[in-house]
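**Q** Just one file: query.tsv, with TSV, C-alpha atoms and all ligand atoms.
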chain	number	residue	atom	x	y	z
A	38	MET	CA	0.00	0.00	0.00
A	39	ARG	CA	1.20	3.53	-0.76
A	40	ARG	CA	2.34	4.94	2.56
A	41	LYS	CA	3.70	8.28	3.71
A	42	ILE	CA	7.20	7.70	5.01
A	43	VAL	CA	9.89	9.93	6.47
A	44	ALA	CA	13.13	8.01	6.87
A	45	GLY	CA	16.28	9.31	8.56
A	46	ASN	CA	19.55	7.90	7.21
A	47	TRP	CA	22.22	8.62	9.80
A	48	LYS	CA	24.99	7.27	7.53
A	49	MET	CA	28.24	6.66	9.47
A	50	ASN	CA	27.37	9.22	12.13
A	51	GLY	CA	26.36	9.10	15.74
A	52	SER	CA	27.16	7.36	18.98
A	53	ARG	CA	25.13	5.58	21.63
A	54	ASP	CA	24.56	8.90	23.37
A	55	LEU	CA	23.41	10.66	20.23
A	56	SER	CA	21.17	7.73	19.35
A	57	GLU	CA	19.55	7.90	22.75
A	58	GLU	CA	19.04	11.64	22.46
A	59	LEU	CA	17.64	11.54	18.90
A	60	VAL	CA	15.33	8.58	19.37
A	61	GLY	CA	14.21	9.84	22.78
A	62	TYR	CA	13.15	13.16	21.28
A	63	ILE	CA	11.46	11.65	18.24
A	64	ARG	CA	9.62	9.23	20.48
A	65	SER	CA	8.48	11.96	22.80
A	66	GLU	CA	6.99	13.78	19.80
A	67	ALA	CA	5.74	10.72	17.92
A	68	GLU	CA	2.24	10.89	19.26
A	69	THR	CA	1.88	14.45	18.03
A	70	LEU	CA	2.71	13.44	14.44
A	71	ASP	CA	0.19	12.50	11.76
A	72	SER	CA	-0.53	8.87	12.50
A	73	GLY	CA	-0.53	8.20	8.77
A	74	VAL	CA	3.18	9.02	8.50
A	75	GLU	CA	5.59	6.17	9.15
A	76	VAL	CA	8.80	7.43	10.76
A	77	VAL	CA	11.80	5.24	10.00
A	78	ILE	CA	15.21	5.47	11.66
A	79	ILE	CA	18.15	4.05	9.73
A	80	PRO	CA	21.15	4.16	12.09
A	81	PRO	CA	24.57	2.55	11.67
A	82	ALA	CA	23.97	-1.21	12.03
A	83	ILE	CA	25.87	-1.40	15.30
A	84	TYR	CA	23.25	0.82	17.00
A	85	ILE	CA	20.17	-0.95	15.65
A	86	GLY	CA	19.61	-2.92	18.86
A	87	ASP	CA	19.78	0.26	20.97
A	88	VAL	CA	17.45	2.15	18.65
A	89	LEU	CA	14.95	-0.69	18.54
A	90	LYS	CA	14.93	-1.00	22.30
A	91	GLN	CA	14.19	2.69	22.63
A	92	ALA	CA	11.86	3.06	19.67
A	93	HIS	CA	9.31	0.59	21.06
A	94	LYS	CA	6.65	0.22	18.41
A	95	LEU	CA	6.31	3.92	17.63
A	96	LEU	CA	9.08	4.01	15.05
A	97	SER	CA	10.28	1.64	12.35
A	98	VAL	CA	13.95	0.82	11.97
A	99	GLY	CA	16.01	0.09	8.88
A	100	VAL	CA	19.54	-0.88	7.95
A	101	GLN	CA	21.74	1.11	5.53
A	102	ASN	CA	23.11	-1.81	3.56
A	103	VAL	CA	23.14	-5.60	3.40
A	104	GLY	CA	25.21	-8.13	1.50
A	105	GLN	CA	23.64	-9.94	-1.43
A	106	TRP	CA	24.07	-13.33	0.22
A	107	GLN	CA	22.02	-15.11	2.84
A	108	SER	CA	24.95	-16.18	5.02
A	109	GLY	CA	28.49	-17.50	4.78
A	110	ALA	CA	32.14	-16.50	4.75
A	111	TYR	CA	31.69	-12.79	3.93
A	112	THR	CA	33.63	-11.07	6.70
A	113	GLY	CA	32.21	-7.69	7.61
A	114	GLU	CA	28.87	-8.18	5.88
A	115	ILE	CA	25.41	-8.52	7.37
A	116	SER	CA	22.46	-10.16	5.65
A	117	SER	CA	18.90	-9.01	5.19
A	118	GLU	CA	17.79	-12.07	7.16
A	119	MET	CA	19.92	-10.84	10.09
A	120	ALA	CA	18.42	-7.36	9.79
A	121	LYS	CA	14.98	-8.95	9.95
A	122	ASP	CA	15.97	-11.12	12.88
A	123	ALA	CA	17.22	-8.01	14.71
A	124	GLY	CA	13.82	-6.34	14.24
A	125	CYS	CA	14.36	-4.11	11.19
A	126	ARG	CA	11.63	-3.48	8.67
A	127	TYR	CA	13.52	-1.61	5.93
A	128	VAL	CA	16.78	-1.91	4.01
A	129	LEU	CA	18.32	0.91	1.97
A	130	VAL	CA	19.64	-0.39	-1.33
A	131	GLY	CA	21.72	1.42	-3.93
A	132	HIS	CA	22.29	4.67	-2.06
A	133	SER	CA	24.45	6.90	-4.27
A	134	GLU	CA	27.27	6.72	-1.70
A	135	ARG	CA	27.25	2.91	-2.07
A	136	ARG	CA	27.21	3.25	-5.85
A	137	GLN	CA	29.98	5.87	-5.97
A	138	LEU	CA	32.28	4.89	-3.09
A	139	PHE	CA	31.79	1.12	-3.05
A	140	GLY	CA	31.28	0.47	-6.76
A	141	GLU	CA	27.74	-0.89	-6.48
A	142	THR	CA	26.38	-1.54	-9.96
A	143	ASP	CA	22.77	-1.77	-11.10
A	144	GLU	CA	23.22	-5.56	-11.22
A	145	LEU	CA	24.38	-5.68	-7.62
A	146	VAL	CA	21.51	-3.42	-6.61
A	147	ALA	CA	19.08	-5.84	-8.32
A	148	ALA	CA	20.65	-8.82	-6.50
A	149	LYS	CA	20.38	-7.04	-3.14
A	150	VAL	CA	16.77	-6.04	-3.82
A	151	SER	CA	15.93	-9.70	-4.49
A	152	ARG	CA	17.64	-10.78	-1.30
A	153	VAL	CA	15.83	-8.13	0.75
A	154	LEU	CA	12.46	-9.09	-0.70
A	155	SER	CA	13.00	-12.78	-0.14
A	156	SER	CA	13.84	-12.08	3.49
A	157	GLY	CA	10.45	-10.35	3.85
A	158	LEU	CA	11.81	-6.84	4.47
A	159	THR	CA	11.02	-3.73	2.46
A	160	ALA	CA	13.70	-2.36	0.13
A	161	ILE	CA	14.07	1.40	-0.20
A	162	VAL	CA	15.79	1.51	-3.58
A	163	CYS	CA	17.69	4.73	-4.26
A	164	VAL	CA	18.07	6.17	-7.74
A	165	GLY	CA	19.27	9.53	-9.00
A	166	GLU	CA	21.29	11.34	-11.60
A	167	THR	CA	24.59	13.24	-11.27
A	168	LEU	CA	24.89	16.94	-12.04
A	169	ASP	CA	26.54	16.22	-15.41
A	170	GLU	CA	23.73	13.88	-16.33
A	171	ARG	CA	21.12	16.50	-15.40
A	172	GLU	CA	22.92	19.28	-17.23
A	173	SER	CA	23.22	17.17	-20.36
A	174	GLY	CA	19.48	16.47	-20.35
A	175	GLN	CA	19.81	12.78	-19.46
A	176	ALA	CA	18.36	12.83	-15.96
A	177	GLU	CA	15.09	11.10	-16.76
A	178	ALA	CA	16.69	8.43	-18.96
A	179	ILE	CA	19.34	7.64	-16.32
A	180	VAL	CA	16.83	7.39	-13.50
A	181	ALA	CA	14.43	5.30	-15.62
A	182	ALA	CA	17.27	2.88	-16.44
A	183	GLN	CA	18.21	2.59	-12.75
A	184	VAL	CA	14.60	1.84	-11.84
A	185	ARG	CA	14.23	-0.75	-14.59
A	186	SER	CA	17.46	-2.57	-13.81
A	187	GLY	CA	17.35	-2.29	-10.02
A	188	LEU	CA	13.84	-3.67	-9.91
A	189	ALA	CA	14.15	-6.10	-12.82
A	190	GLN	CA	13.90	-9.19	-10.62
A	191	VAL	CA	10.98	-8.13	-8.43
A	192	GLU	CA	8.31	-10.81	-8.44
A	193	LYS	CA	4.64	-10.00	-8.79
A	194	GLY	CA	3.70	-10.50	-5.15
A	195	ASP	CA	6.65	-8.50	-3.81
A	196	TRP	CA	5.90	-4.99	-5.06
A	197	GLN	CA	4.20	-4.12	-1.79
A	198	ASN	CA	7.68	-4.34	-0.22
A	199	VAL	CA	9.30	-1.90	-2.62
A	200	VAL	CA	9.81	1.82	-1.98
A	201	VAL	CA	11.76	3.99	-4.44
A	202	ALA	CA	13.76	7.00	-3.25
A	203	TYR	CA	14.63	9.59	-5.90
A	204	GLU	CA	17.82	11.25	-4.72
A	205	PRO	CA	19.57	13.47	-7.25
A	206	VAL	CA	23.26	12.92	-6.49
A	207	TRP	CA	24.00	16.64	-6.78
A	208	ALA	CA	21.50	17.37	-4.01
A	209	ILE	CA	22.81	14.91	-1.41
A	210	GLY	CA	24.56	16.68	1.43
A	211	THR	CA	25.16	19.77	-0.70
A	212	GLY	CA	22.38	22.07	0.51
A	213	LYS	CA	21.01	22.13	-3.07
A	214	THR	CA	17.52	20.69	-3.48
A	215	ALA	CA	15.55	19.91	-6.60
A	216	THR	CA	12.66	22.33	-6.94
A	217	SER	CA	9.40	20.75	-5.93
A	218	MET	CA	8.32	20.99	-9.58
A	219	ASP	CA	11.41	19.14	-10.85
A	220	ALA	CA	11.13	16.54	-8.10
A	221	GLN	CA	7.44	16.02	-8.88
A	222	ALA	CA	8.21	15.64	-12.60
A	223	MET	CA	10.81	12.95	-11.86
A	224	HIS	CA	8.51	11.14	-9.44
A	225	ALA	CA	5.74	11.11	-12.05
A	226	ALA	CA	8.25	9.73	-14.58
A	227	ILE	CA	9.33	7.00	-12.12
A	228	ARG	CA	5.71	6.07	-11.51
A	229	SER	CA	5.15	5.72	-15.21
A	230	VAL	CA	8.25	3.50	-15.58
A	231	LEU	CA	6.93	1.31	-12.77
A	232	LYS	CA	3.56	1.09	-14.51
A	233	ASN	CA	5.24	0.03	-17.74
A	234	MET	CA	7.06	-2.68	-15.80
A	235	GLY	CA	3.70	-4.10	-14.73
A	236	ALA	CA	4.08	-2.92	-11.13
A	237	PRO	CA	1.12	-1.55	-9.15
A	238	ALA	CA	2.62	1.93	-9.56
A	239	GLU	CA	-0.09	3.84	-7.72
A	240	GLU	CA	0.52	1.70	-4.63
A	241	ILE	CA	4.28	2.24	-4.45
A	242	SER	CA	5.65	4.96	-2.15
A	243	LEU	CA	8.13	7.29	-3.82
A	244	LEU	CA	10.38	9.31	-1.50
A	245	TYR	CA	12.43	12.37	-2.34
A	246	GLY	CA	15.91	12.76	-0.85
A	247	GLY	CA	18.59	15.42	-1.19
A	248	SER	CA	19.06	18.24	1.32
A	249	VAL	CA	15.49	18.06	2.61
A	250	LYS	CA	15.20	20.54	5.49
A	251	ALA	CA	12.43	21.96	7.61
A	252	ASP	CA	12.15	24.91	5.22
A	253	ASN	CA	11.68	22.98	1.98
A	254	ALA	CA	9.84	19.85	3.14
A	255	ALA	CA	6.37	21.39	3.00
A	256	ALA	CA	6.59	22.26	-0.70
A	257	LEU	CA	8.08	18.88	-1.63
A	258	PHE	CA	5.60	16.82	0.38
A	259	ALA	CA	2.65	18.75	-1.05
A	260	GLU	CA	3.39	17.30	-4.54
A	261	PRO	CA	1.03	14.51	-5.55
A	262	ASP	CA	3.71	11.92	-6.41
A	263	ILE	CA	6.02	12.63	-3.47
A	264	ASP	CA	5.04	10.30	-0.66
A	265	GLY	CA	7.71	11.31	1.81
A	266	GLY	CA	11.41	11.85	2.23
A	267	LEU	CA	14.73	10.17	2.80
A	268	ILE	CA	16.60	12.55	5.05
A	269	GLY	CA	20.36	12.55	5.67
A	270	GLY	CA	21.94	15.50	7.50
A	271	ALA	CA	18.73	16.87	8.98
A	272	SER	CA	17.89	13.49	10.55
A	273	LEU	CA	20.81	14.00	12.96
A	274	VAL	CA	19.16	17.03	14.51
A	275	ALA	CA	16.12	15.85	16.44
A	276	GLU	CA	14.04	19.04	16.20
A	277	ASP	CA	14.73	19.39	12.46
A	278	PHE	CA	13.81	15.79	11.73
A	279	VAL	CA	10.58	16.04	13.69
A	280	SER	CA	9.72	19.33	11.95
A	281	ILE	CA	10.16	17.59	8.59
A	282	CYS	CA	7.85	14.78	9.72
A	283	ARG	CA	5.19	17.40	10.47
A	284	TYR	CA	5.12	18.78	6.94
A	285	PHE	CA	2.53	16.54	5.42
A	286	PRO	CA	-0.49	18.60	4.56
A	287	ALA	CA	-3.35	17.59	6.85
A	288	GLY	CA	-5.64	14.95	5.43
A	289	THR	CA	-3.32	13.79	2.60
B	301	LIG	C1	20.84	10.90	1.93
B	301	LIG	O1	21.96	10.60	2.31
B	301	LIG	O2	20.06	9.99	1.56
B	301	LIG	C2	20.45	12.29	1.91
B	301	LIG	C3	19.35	12.61	1.30
B	301	LIG	O3	21.30	13.19	2.55
B	301	LIG	P1	21.03	14.75	2.81
B	301	LIG	O4	19.62	14.89	3.31
B	301	LIG	O5	22.04	15.15	3.81
B	301	LIG	O6	21.19	15.44	1.49
Could you take the file, read its structure, and then write that structure out as structure tokens?

**A**
Amino acid sequence: MRRKIVAGNWKMNGSRDLSEELVGYIRSEAETLDSGVEVVIIPPAIYIGDVLKQAHKLLSVGVQNVGQWQSGAYTGEISSEMAKDAGCRYVLVGHSERRQLFGETDELVAAKVSRVLSSGLTAIVCVGETLDERESGQAEAIVAAQVRSGLAQVEKGDWQNVVVAYEPVWAIGTGKTATSMDAQAMHAAIRSVLKNMGAPAEEISLLYGGSVKADNAAALFAEPDIDGGLIGGASLVAEDFVSICRYFPAGT
């Protein structure tokens, strides 16, 4: 089902103390948030147990990355099955930092998506173009190709566990955000690619990510094809993250 989601990706930031402070604040405000918005915390894997303990059932928890295997001699990796066992609901797949810094290809993204779906968790699959690709007019084609290849192996009954996050690479951590009009246009394009793939496109949540802050969230979240946000930097500041969660227009 298409859900409103605000997910905070802490990346490789934080500590037990910061985790306690952030989750404590979010939890204290959770009951004042629109009950239709699912708040997801995606901390470094080592803090997942702490976050889950503190989050109770008010917040969902995700993991930033998993290996493409179920188990075995893959030192340093964790599997989607382990993330599920630990109590996670979501897995980020194909974040641009994984693609750029760790060489993750579309094929690897597709393999990880399959693994996540077969473990029963929901994959938040990240796609987005670089500045060069946008400036040369290829943004839509690049993003469409990432969606098609990353989701190529999704089976019919698994679409309900797929979320797509459109994150223009040039907007991540830079303070530059796509205008709400440009973001909406790309989200509509992604929805139409999903439809052409035979997916229940209207049911799939599409998140926008890239320098979302308290002062631009309202305009982005008011767009009809933007179902929420994937938040990096601002998710490390409790008040900012909670303000972003509040920016869904009432009754949407
Ligand atoms: C991200 O890392 O997914 C992200 C969107 O980061 P930021 O909000 O800091 O741009």

**Q** Hey, which residues come within 9 Å of ligand LIG 301 (chain B) if we count all atoms listed in the file? Could you give them as a ChimeraX atom specification?

**A** /A:44-48,132-134,163,202,204-214,245-250,266-272

**Q** Include C-alpha atoms and write out the residues we just selected as a PDB file, in the frame of the given file.

**A**
ATOM      1  CA  ALA A  44      13.130   8.010   6.870  1.00  0.00           C
ATOM      2  CA  GLY A  45      16.280   9.310   8.560  1.00  0.00           C
ATOM      3  CA  ASN A  46      19.550   7.900   7.210  1.00  0.00           C
ATOM      4  CA  TRP A  47      22.220   8.620   9.800  1.00  0.00           C
ATOM      5  CA  LYS A  48      24.990   7.270   7.530  1.00  0.00           C
ATOM      6  CA  HIS A 132      22.290   4.670  -2.060  1.00  0.00           C
ATOM      7  CA  SER A 133      24.450   6.900  -4.270  1.00  0.00           C
ATOM      8  CA  GLU A 134      27.270   6.720  -1.700  1.00  0.00           C
ATOM      9  CA  CYS A 163      17.690   4.730  -4.260  1.00  0.00           C
ATOM     10  CA  ALA A 202      13.760   7.000  -3.250  1.00  0.00           C
ATOM     11  CA  GLU A 204      17.820  11.250  -4.720  1.00  0.00           C
ATOM     12  CA  PRO A 205      19.570  13.470  -7.250  1.00  0.00           C
ATOM     13  CA  VAL A 206      23.260  12.920  -6.490  1.00  0.00           C
ATOM     14  CA  TRP A 207      24.000  16.640  -6.780  1.00  0.00           C
ATOM     15  CA  ALA A 208      21.500  17.370  -4.010  1.00  0.00           C
ATOM     16  CA  ILE A 209      22.810  14.910  -1.410  1.00  0.00           C
ATOM     17  CA  GLY A 210      24.560  16.680   1.430  1.00  0.00           C
ATOM     18  CA  THR A 211      25.160  19.770  -0.700  1.00  0.00           C
ATOM     19  CA  GLY A 212      22.380  22.070   0.510  1.00  0.00           C
ATOM     20  CA  LYS A 213      21.010  22.130  -3.070  1.00  0.00           C
ATOM     21  CA  THR A 214      17.520  20.690  -3.480  1.00  0.00           C
ATOM     22  CA  TYR A 245      12.430  12.370  -2.340  1.00  0.00           C
ATOM     23  CA  GLY A 246      15.910  12.760  -0.850  1.00  0.00           C
ATOM     24  CA  GLY A 247      18.590  15.420  -1.190  1.00  0.00           C
ATOM     25  CA  SER A 248      19.060  18.240   1.320  1.00  0.00           C
ATOM     26  CA  VAL A 249      15.490  18.060   2.610  1.00  0.00           C
ATOM     27  CA  LYS A 250      15.200  20.540   5.490  1.00  0.00           C
ATOM     28  CA  GLY A 266      11.410  11.850   2.230  1.00  0.00           C
ATOM     29  CA  LEU A 267      14.730  10.170   2.800  1.00  0.00           C
ATOM     30  CA  ILE A 268      16.600  12.550   5.050  1.00  0.00           C
ATOM     31  CA  GLY A 269      20.360  12.550   5.670  1.00  0.00           C
ATOM     32  CA  GLY A 270      21.940  15.500   7.500  1.00  0.00           C
ATOM     33  CA  ALA A 271      18.730  16.870   8.980  1.00  0.00           C
ATOM     34  CA  SER A 272      17.890  13.490  10.550  1.00  0.00           C
TER      35      SER A 272
END

**Q** Of the candidates A:Gly99, A:Gly113, A:Gly187, A:Gly104, which shows the shortest atom-to-atom distance to Leu158 in chain A, using all atoms listed in the file?

**A**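 Of A:Gly99, A:Gly113, A:Gly187, A:Gly104, the one nearest Leu158 in chain A, counting all atoms listed in the file, is A:Gly99.
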
**Q** Looking at all atoms listed in the file, which of A:Gly131, A:Gly194, A:Gly174, A:Gly109 is the one that sits closest to Gly157 in chain A?

**A**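 The closest residue to Gly157 in chain A is A:Gly194.
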
**Q** Please compute the CA of Ala236 in chain A-CA of Arg40 in chain A distance, one decimal, in Å.

**A** 15.9 Å

**Q** Compile the contact shell of Ala220 in chain A as a ChimeraX atom specification: residues with an atom at most 9 Å away, counting all atoms listed in the file, same-chain residues fewer than 3 positions apart removed.

**A** /A:203,214-217,223-225,245,257,260,262-263

**Q** Counting only C-alpha atoms, which residues of range 195-285 of chain A sit at most 10 Å from some atom of range 146-153 of chain A, and what is each one's closest atom pair with its distance in Å to one decimal, listed by chain and rising residue number, as a Markdown table?

**A**
| residue | atom | partner | partner_atom | distance |
| --- | --- | --- | --- | --- |
| A:Asp195 | CA | A:Ser151 | CA | 9.4 |
| A:Asn198 | CA | A:Val153 | CA | 9.0 |
| A:Val199 | CA | A:Val150 | CA | 8.6 |

**Q** Looking at A:Ser242, A:Ser156, A:Gln221, A:Asn50, which one is nearest to Trp196 in chain A, with distances taken over all atoms listed in the file?

**A**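 Of the candidates, the smallest distance to Trp196 in chain A is held by A:Ser242.
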
**Q** Step by step, gather every atom of range 204-208 of chain A that the file lists, find the box along x, y and z that holds them, add 4 Å on each side, and finally give centre and edge lengths in Å to one decimal, as lines of an AutoDock Vina configuration file.

**A**
center_x = 20.9
center_y = 14.3
center_z = -5.6
size_x = 14.2
size_y = 14.1
size_z = 11.2

**Q** Which one of A:Gln107, A:Ser97, A:Gln137, A:Asn102 sits closest to Gly124 in chain A if you count all atoms listed in the file?

**A** A:Ser97

**Q** Report, in Å with one decimal, the straight-line distance from CA of Val201 in chain A to CA of Thr159 in chain A.

**A**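 Between CA of Val201 in chain A and CA of Thr159 in chain A the gap is 10.4 Å.
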
**Q** Could you check the closest approach to Ser52 in chain A for each of A:Ala120, A:Ile85, A:Leu244, A:Cys282 and tell me which residue wins, using all atoms listed in the file?

**A**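 Looking only at the distances to Ser52 in chain A, the closest residue turns out to be A:Ile85.
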
**Q** For Ser229 in chain A, which of A:Cys125, A:Ala181, A:Leu188, A:Ile42 is the closest residue, counting only C-alpha atoms?

**A**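 Of A:Cys125, A:Ala181, A:Leu188, A:Ile42, the one nearest Ser229 in chain A is A:Ala181, counting only C-alpha atoms.
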
**Q** Which residues are near Ile179 in chain A? Cut-off 9 Å, only C-alpha atoms, ignore same chain within fewer than 6 positions. Put them as a PyMOL selection string.

**A** chain A and resi 164-166+170

**Q** Let's have the selection written as a CSV table (one decimal), keeping the file's coordinate frame, with C-alpha atoms.

**A**
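To be explicit, this is the file written out as result.csv:
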chain,number,residue,atom,x,y,z
A,164,VAL,CA,18.1,6.2,-7.7
A,165,GLY,CA,19.3,9.5,-9.0
A,166,GLU,CA,21.3,11.3,-11.6
A,170,GLU,CA,23.7,13.9,-16.3

**Q** Tell me, in Å to one decimal, how far CA of Asn233 in chain A is from CA of Asp264 in chain A.

**A** 19.9 Å

**Q** For the point (24.3, -1.0, 19.0) in the file's frame, write as a JSON list (two decimals) with C-alpha atoms, in the frame of the given file all residues with an atom no more than 12 Å away, counting all atoms listed in the file.

**A**
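Ended up saving to result06.json:
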[["chain", "number", "residue", "atom", "x", "y", "z"],
["A", 51, "GLY", "CA", 26.36, 9.10, 15.74],
["A", 52, "SER", "CA", 27.16, 7.36, 18.98],
["A", 53, "ARG", "CA", 25.13, 5.58, 21.63],
["A", 54, "ASP", "CA", 24.56, 8.90, 23.37],
["A", 55, "LEU", "CA", 23.41, 10.66, 20.23],
["A", 56, "SER", "CA", 21.17, 7.73, 19.35],
["A", 57, "GLU", "CA", 19.55, 7.90, 22.75],
["A", 80, "PRO", "CA", 21.15, 4.16, 12.09],
["A", 81, "PRO", "CA", 24.57, 2.55, 11.67],
["A", 82, "ALA", "CA", 23.97, -1.21, 12.03],
["A", 83, "ILE", "CA", 25.87, -1.40, 15.30],
["A", 84, "TYR", "CA", 23.25, 0.82, 17.00],
["A", 85, "ILE", "CA", 20.17, -0.95, 15.65],
["A", 86, "GLY", "CA", 19.61, -2.92, 18.86],
["A", 87, "ASP", "CA", 19.78, 0.26, 20.97],
["A", 88, "VAL", "CA", 17.45, 2.15, 18.65],
["A", 89, "LEU", "CA", 14.95, -0.69, 18.54],
["A", 90, "LYS", "CA", 14.93, -1.00, 22.30],
["A", 91, "GLN", "CA", 14.19, 2.69, 22.63],
["A", 123, "ALA", "CA", 17.22, -8.01, 14.71]]

**Q** So that I can check the surroundings of Leu59 in chain A, please list as an mmCIF file with C-alpha atoms, in the frame of the given file every protein, DNA and RNA residue that reaches within 8 Å of it, counting all atoms listed in the file and ignoring chain neighbours fewer than 6 positions away.

**A**
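Wrote it out as part05.cif, contents follow:
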data_model
loop_
_atom_site.group_PDB
_atom_site.id
_atom_site.type_symbol
_atom_site.label_atom_id
_atom_site.label_comp_id
_atom_site.auth_asym_id
_atom_site.auth_seq_id
_atom_site.Cartn_x
_atom_site.Cartn_y
_atom_site.Cartn_z
ATOM 1 C CA LEU A 273 20.810 14.000 12.960
ATOM 2 C CA VAL A 274 19.160 17.030 14.510
ATOM 3 C CA ALA A 275 16.120 15.850 16.440
#

**Q** Which neighbours of Val103 in chain A fall inside 6 Å, counting all atoms listed in the file, when residues of the same chain fewer than 6 positions from it are skipped, and could you give them as JSON, numbers by chain?

**A** {"A": [115, 116, 117]}

**Q** Export C-alpha atoms of the chosen residues as a PDB file, keeping the file's coordinate frame?

**A**
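Produced file again-v2.pdb, reproduced below:
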ATOM      1  CA  ILE A 115      25.410  -8.520   7.370  1.00  0.00           C
ATOM      2  CA  SER A 116      22.460 -10.160   5.650  1.00  0.00           C
ATOM      3  CA  SER A 117      18.900  -9.010   5.190  1.00  0.00           C
TER       4      SER A 117
END

**Q** Could range 233-245 of chain A be written out with N, CA, C and O atoms, as a PDB file, in the first residue's frame, please?

**A**
ATOM      1  N   ASN A 233       4.840   0.774 -16.536  1.00  0.00           N
ATOM      2  CA  ASN A 233       5.236   0.027 -17.740  1.00  0.00           C
ATOM      3  C   ASN A 233       5.899  -1.300 -17.420  1.00  0.00           C
ATOM      4  O   ASN A 233       5.952  -2.199 -18.249  1.00  0.00           O
ATOM      5  N   MET A 234       6.440  -1.403 -16.206  1.00  0.00           N
ATOM      6  CA  MET A 234       7.058  -2.678 -15.801  1.00  0.00           C
ATOM      7  C   MET A 234       6.006  -3.659 -15.281  1.00  0.00           C
ATOM      8  O   MET A 234       6.328  -4.772 -14.879  1.00  0.00           O
ATOM      9  N   GLY A 235       4.761  -3.215 -15.225  1.00  0.00           N
ATOM     10  CA  GLY A 235       3.701  -4.101 -14.729  1.00  0.00           C
ATOM     11  C   GLY A 235       3.540  -4.039 -13.225  1.00  0.00           C
ATOM     12  O   GLY A 235       2.843  -4.855 -12.626  1.00  0.00           O
ATOM     13  N   ALA A 236       4.191  -3.045 -12.590  1.00  0.00           N
ATOM     14  CA  ALA A 236       4.077  -2.919 -11.127  1.00  0.00           C
ATOM     15  C   ALA A 236       2.808  -2.134 -10.783  1.00  0.00           C
ATOM     16  O   ALA A 236       2.341  -1.336 -11.593  1.00  0.00           O
ATOM     17  N   PRO A 237       2.274  -2.346  -9.575  1.00  0.00           N
ATOM     18  CA  PRO A 237       1.118  -1.551  -9.147  1.00  0.00           C
ATOM     19  C   PRO A 237       1.590  -0.148  -8.748  1.00  0.00           C
ATOM     20  O   PRO A 237       1.684   0.201  -7.563  1.00  0.00           O
ATOM     21  N   ALA A 238       1.904   0.665  -9.765  1.00  0.00           N
ATOM     22  CA  ALA A 238       2.624   1.927  -9.556  1.00  0.00           C
ATOM     23  C   ALA A 238       1.942   2.872  -8.575  1.00  0.00           C
ATOM     24  O   ALA A 238       2.611   3.567  -7.815  1.00  0.00           O
ATOM     25  N   GLU A 239       0.620   2.899  -8.605  1.00  0.00           N
ATOM     26  CA  GLU A 239      -0.094   3.837  -7.719  1.00  0.00           C
ATOM     27  C   GLU A 239       0.032   3.439  -6.259  1.00  0.00           C
ATOM     28  O   GLU A 239      -0.261   4.221  -5.365  1.00  0.00           O
ATOM     29  N   GLU A 240       0.425   2.208  -6.009  1.00  0.00           N
ATOM     30  CA  GLU A 240       0.520   1.701  -4.629  1.00  0.00           C
ATOM     31  C   GLU A 240       1.933   1.831  -4.060  1.00  0.00           C
ATOM     32  O   GLU A 240       2.170   1.505  -2.903  1.00  0.00           O
ATOM     33  N   ILE A 241       2.881   2.242  -4.900  1.00  0.00           N
ATOM     34  CA  ILE A 241       4.284   2.245  -4.454  1.00  0.00           C
ATOM     35  C   ILE A 241       4.678   3.634  -3.935  1.00  0.00           C
ATOM     36  O   ILE A 241       4.480   4.641  -4.622  1.00  0.00           O
ATOM     37  N   SER A 242       5.227   3.672  -2.731  1.00  0.00           N
ATOM     38  CA  SER A 242       5.646   4.955  -2.154  1.00  0.00           C
ATOM     39  C   SER A 242       6.940   5.421  -2.811  1.00  0.00           C
ATOM     40  O   SER A 242       7.902   4.655  -2.925  1.00  0.00           O
ATOM     41  N   LEU A 243       6.940   6.690  -3.210  1.00  0.00           N
ATOM     42  CA  LEU A 243       8.132   7.294  -3.817  1.00  0.00           C
ATOM     43  C   LEU A 243       8.607   8.421  -2.906  1.00  0.00           C
ATOM     44  O   LEU A 243       7.857   9.372  -2.652  1.00  0.00           O
ATOM     45  N   LEU A 244       9.830   8.312  -2.424  1.00  0.00           N
ATOM     46  CA  LEU A 244      10.379   9.308  -1.502  1.00  0.00           C
ATOM     47  C   LEU A 244      11.338  10.220  -2.245  1.00  0.00           C
ATOM     48  O   LEU A 244      12.020   9.784  -3.175  1.00  0.00           O
ATOM     49  N   TYR A 245      11.424  11.460  -1.794  1.00  0.00           N
ATOM     50  CA  TYR A 245      12.431  12.368  -2.336  1.00  0.00           C
ATOM     51  C   TYR A 245      13.539  12.521  -1.306  1.00  0.00           C
ATOM     52  O   TYR A 245      13.269  12.651  -0.095  1.00  0.00           O
TER      53      TYR A 245
END
